[in-house]
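Here the structure comes first, spelled out in structure tokens, and everything after it is commentary.
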Amino acid sequence: MSISDGRVTDIEKQATISPREQISMPYVPRAFANPAPLGLLSFATSIWMISLLGLEPRGLKVPNIILPNLVFFGGAAQFIAGIMEFVAGNTLGATLFTSYAAFNLAYALIFLPGSGIMAAYSDPSTGKLLAEFDQAIAMFVWAWFIISMIFTVATVRSSWALFGALIFVDFTLILLAVGYMLDQEACLKAASATGFVTAALAYWAGTAGLWGDGITPFNLPVGSLKRE
């Protein structure tokens, strides 16, 4: 309620299409769901699939199978979660989810044939990737390592689960950057290992948000870092 020109104005009535007094159009209170579980679970699934592919399971080396997930679940769904965090007033969630959604979309775009990115780093006569491609990937990952470090500092008052996930994202990105830059296979394999830890922590945090608040009998602790 607010007072304007000596009159009490019902802000709620001004802001809604269906005020309470319109019986034919009943007032329905608007409540938004928590978008964090969607953002965390899509983030976790994307990094889990990227890490798994890095280990070349059953001889699988072609990355195209993970592109649909990166575009739709890790990209579009996570981006929607970020937009809803904007609506909820959560700056950290909004920035983090939309940024990592953009990362997944950008990473997928590298391997989409129609983008021409891989073709630009391939030998025109043989079609084989040039050594310059790995250096370009390293540059791409270094940029995201900087962004991830900024996000990590922003999570120091969130929860241990989220803070730990961002710490291991940092480890994953720096290992990938070094591995591609110096052609170190061991670093790339280690990045898959830290990526699995990142995914596990993000899965835990997302599941805690989805199962909590009385929705299920299970309440997973996330270790709040908020000041009392």
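Ligands are numbered from 1 in the order shown, residues from 1 within each chain, and chains are lettered A, B, ... in the order they appear in the structure tokens.
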
What are the DSSP alpha helix (DSSP H) residues of segment 71-193 of chain A, as a PDB file with C-alpha atoms, in the first residue's frame?
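Saved result, selection_0.pdb, follows:
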```pdb
ATOM      1  CA  GLN A  78      20.372 -23.256 -18.154  1.00  0.00           C
ATOM      2  CA  PHE A  79      19.931 -19.890 -19.862  1.00  0.00           C
ATOM      3  CA  ILE A  80      16.244 -19.896 -18.904  1.00  0.00           C
ATOM      4  CA  ALA A  81      17.241 -20.687 -15.317  1.00  0.00           C
ATOM      5  CA  GLY A  82      19.567 -17.695 -15.381  1.00  0.00           C
ATOM      6  CA  ILE A  83      16.841 -15.386 -16.679  1.00  0.00           C
ATOM      7  CA  MET A  84      14.511 -16.574 -13.923  1.00  0.00           C
ATOM      8  CA  GLU A  85      17.254 -15.805 -11.384  1.00  0.00           C
ATOM      9  CA  PHE A  86      17.237 -12.251 -12.755  1.00  0.00           C
ATOM     10  CA  VAL A  87      13.492 -12.135 -12.057  1.00  0.00           C
ATOM     11  CA  ALA A  88      14.059 -13.513  -8.549  1.00  0.00           C
ATOM     12  CA  THR A  91      22.537 -11.581  -9.198  1.00  0.00           C
ATOM     13  CA  LEU A  92      24.943 -14.479  -8.635  1.00  0.00           C
ATOM     14  CA  GLY A  93      22.622 -17.139 -10.026  1.00  0.00           C
ATOM     15  CA  ALA A  94      21.601 -14.958 -12.952  1.00  0.00           C
ATOM     16  CA  THR A  95      25.176 -14.186 -13.951  1.00  0.00           C
ATOM     17  CA  LEU A  96      26.533 -17.677 -13.327  1.00  0.00           C
ATOM     18  CA  PHE A  97      23.827 -19.680 -15.104  1.00  0.00           C
ATOM     19  CA  THR A  98      23.541 -17.442 -18.167  1.00  0.00           C
ATOM     20  CA  SER A  99      27.330 -17.306 -18.505  1.00  0.00           C
ATOM     21  CA  TYR A 100      27.861 -21.067 -18.321  1.00  0.00           C
ATOM     22  CA  ALA A 101      24.917 -21.541 -20.680  1.00  0.00           C
ATOM     23  CA  ALA A 102      26.754 -19.277 -23.109  1.00  0.00           C
ATOM     24  CA  PHE A 103      29.917 -21.327 -22.566  1.00  0.00           C
ATOM     25  CA  ASN A 104      28.100 -24.560 -23.432  1.00  0.00           C
ATOM     26  CA  LEU A 105      26.547 -23.023 -26.532  1.00  0.00           C
ATOM     27  CA  ALA A 106      29.879 -21.573 -27.628  1.00  0.00           C
ATOM     28  CA  TYR A 107      31.682 -24.873 -27.015  1.00  0.00           C
ATOM     29  CA  ALA A 108      29.049 -26.741 -29.024  1.00  0.00           C
ATOM     30  CA  LEU A 109      29.357 -24.208 -31.839  1.00  0.00           C
ATOM     31  CA  ILE A 110      33.048 -25.037 -32.235  1.00  0.00           C
ATOM     32  CA  PHE A 111      32.225 -28.605 -33.285  1.00  0.00           C
ATOM     33  CA  ILE A 117      35.270 -22.984 -36.940  1.00  0.00           C
ATOM     34  CA  MET A 118      36.954 -26.374 -37.214  1.00  0.00           C
ATOM     35  CA  ALA A 119      37.244 -25.954 -40.974  1.00  0.00           C
ATOM     36  CA  ALA A 120      39.200 -22.741 -40.418  1.00  0.00           C
ATOM     37  CA  ALA A 131      48.210 -27.815 -34.416  1.00  0.00           C
ATOM     38  CA  GLU A 132      46.880 -24.269 -34.295  1.00  0.00           C
ATOM     39  CA  PHE A 133      43.459 -25.674 -33.355  1.00  0.00           C
ATOM     40  CA  ASP A 134      44.676 -26.825 -29.930  1.00  0.00           C
ATOM     41  CA  GLN A 135      46.214 -23.403 -29.302  1.00  0.00           C
ATOM     42  CA  ALA A 136      42.927 -21.744 -30.219  1.00  0.00           C
ATOM     43  CA  ILE A 137      41.035 -24.023 -27.819  1.00  0.00           C
ATOM     44  CA  ALA A 138      43.563 -23.169 -25.103  1.00  0.00           C
ATOM     45  CA  MET A 139      42.960 -19.444 -25.646  1.00  0.00           C
ATOM     46  CA  PHE A 140      39.198 -20.051 -25.443  1.00  0.00           C
ATOM     47  CA  VAL A 141      39.559 -21.976 -22.170  1.00  0.00           C
ATOM     48  CA  TRP A 142      41.942 -19.422 -20.609  1.00  0.00           C
ATOM     49  CA  ALA A 143      39.317 -16.717 -21.072  1.00  0.00           C
ATOM     50  CA  TRP A 144      36.733 -18.839 -19.289  1.00  0.00           C
ATOM     51  CA  PHE A 145      39.185 -19.634 -16.507  1.00  0.00           C
ATOM     52  CA  ILE A 146      39.346 -15.898 -15.737  1.00  0.00           C
ATOM     53  CA  ILE A 147      35.550 -15.671 -15.694  1.00  0.00           C
ATOM     54  CA  SER A 148      35.297 -18.762 -13.506  1.00  0.00           C
ATOM     55  CA  MET A 149      37.737 -17.320 -10.962  1.00  0.00           C
ATOM     56  CA  ILE A 150      35.526 -14.234 -10.663  1.00  0.00           C
ATOM     57  CA  PHE A 151      32.502 -16.478 -10.088  1.00  0.00           C
ATOM     58  CA  THR A 152      34.393 -18.492  -7.471  1.00  0.00           C
ATOM     59  CA  VAL A 153      35.047 -15.422  -5.344  1.00  0.00           C
ATOM     60  CA  ALA A 154      31.362 -14.510  -5.657  1.00  0.00           C
ATOM     61  CA  TRP A 160      30.217 -25.325   0.469  1.00  0.00           C
ATOM     62  CA  ALA A 161      28.671 -27.401  -2.317  1.00  0.00           C
ATOM     63  CA  LEU A 162      28.509 -24.502  -4.780  1.00  0.00           C
ATOM     64  CA  PHE A 163      31.822 -23.023  -3.696  1.00  0.00           C
ATOM     65  CA  GLY A 164      33.503 -26.424  -4.058  1.00  0.00           C
ATOM     66  CA  ALA A 165      31.968 -26.911  -7.499  1.00  0.00           C
ATOM     67  CA  LEU A 166      33.393 -23.593  -8.687  1.00  0.00           C
ATOM     68  CA  ILE A 167      36.812 -24.406  -7.213  1.00  0.00           C
ATOM     69  CA  PHE A 168      36.933 -27.615  -9.224  1.00  0.00           C
ATOM     70  CA  VAL A 169      35.678 -25.789 -12.318  1.00  0.00           C
ATOM     71  CA  ASP A 170      38.773 -23.604 -11.966  1.00  0.00           C
ATOM     72  CA  PHE A 171      41.003 -26.682 -11.702  1.00  0.00           C
ATOM     73  CA  THR A 172      39.289 -28.247 -14.713  1.00  0.00           C
ATOM     74  CA  LEU A 173      39.684 -25.190 -16.898  1.00  0.00           C
ATOM     75  CA  ILE A 174      43.326 -24.543 -16.036  1.00  0.00           C
ATOM     76  CA  LEU A 175      44.208 -28.199 -16.663  1.00  0.00           C
ATOM     77  CA  LEU A 176      42.410 -28.080 -20.012  1.00  0.00           C
ATOM     78  CA  ALA A 177      44.150 -24.846 -20.980  1.00  0.00           C
ATOM     79  CA  VAL A 178      47.592 -26.185 -20.091  1.00  0.00           C
ATOM     80  CA  GLY A 179      46.864 -29.541 -21.690  1.00  0.00           C
ATOM     81  CA  TYR A 180      45.845 -28.012 -25.014  1.00  0.00           C
ATOM     82  CA  MET A 181      48.559 -25.371 -24.996  1.00  0.00           C
ATOM     83  CA  LEU A 182      51.437 -27.754 -24.202  1.00  0.00           C
ATOM     84  CA  GLU A 185      47.612 -35.661 -22.500  1.00  0.00           C
ATOM     85  CA  ALA A 186      48.041 -36.179 -18.751  1.00  0.00           C
ATOM     86  CA  CYS A 187      46.648 -32.706 -18.043  1.00  0.00           C
ATOM     87  CA  LEU A 188      43.637 -33.378 -20.239  1.00  0.00           C
ATOM     88  CA  LYS A 189      42.923 -36.644 -18.409  1.00  0.00           C
ATOM     89  CA  ALA A 190      43.329 -34.883 -15.061  1.00  0.00           C
ATOM     90  CA  ALA A 191      40.831 -32.260 -16.240  1.00  0.00           C
ATOM     91  CA  SER A 192      38.291 -35.026 -16.758  1.00  0.00           C
ATOM     92  CA  ALA A 193      38.862 -36.195 -13.171  1.00  0.00           C
TER      93      ALA A 193
END
```

Coordinates-based distance that separates atom CA of Ser42 of chain A from atom CA of Gly74 of chain A (Å, one decimal): 4.9 Å

Based on DSSP run over this structure's backbone, return all residues of segment 4-225 of chain A in strand (DSSP E or B), as a VMD selection string. chain A and resid 4 7 to 9 122 129 159 224

Would you mind exporting C-alpha atoms of the selected residues as a PDB file, in the first residue's frame?
```pdb
ATOM      1  CA  SER A   4      -0.333   9.413  -3.107  1.00  0.00           C
ATOM      2  CA  ARG A   7      -5.319   8.729  -1.350  1.00  0.00           C
ATOM      3  CA  VAL A   8      -4.370   5.150  -0.581  1.00  0.00           C
ATOM      4  CA  THR A   9      -3.432   3.341  -3.753  1.00  0.00           C
ATOM      5  CA  SER A 122      41.982 -27.663 -40.835  1.00  0.00           C
ATOM      6  CA  LEU A 129      43.143 -30.441 -37.884  1.00  0.00           C
ATOM      7  CA  SER A 159      27.360 -22.859   0.263  1.00  0.00           C
ATOM      8  CA  SER A 224      25.689 -22.823   4.153  1.00  0.00           C
TER       9      SER A 224
END
```

Quick one, how far is atom CA of Gly75 of chain A from atom CA of Thr207 of chain A?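 Separation of atom CA of Gly75 of chain A and atom CA of Thr207 of chain A: 19.2 Å.
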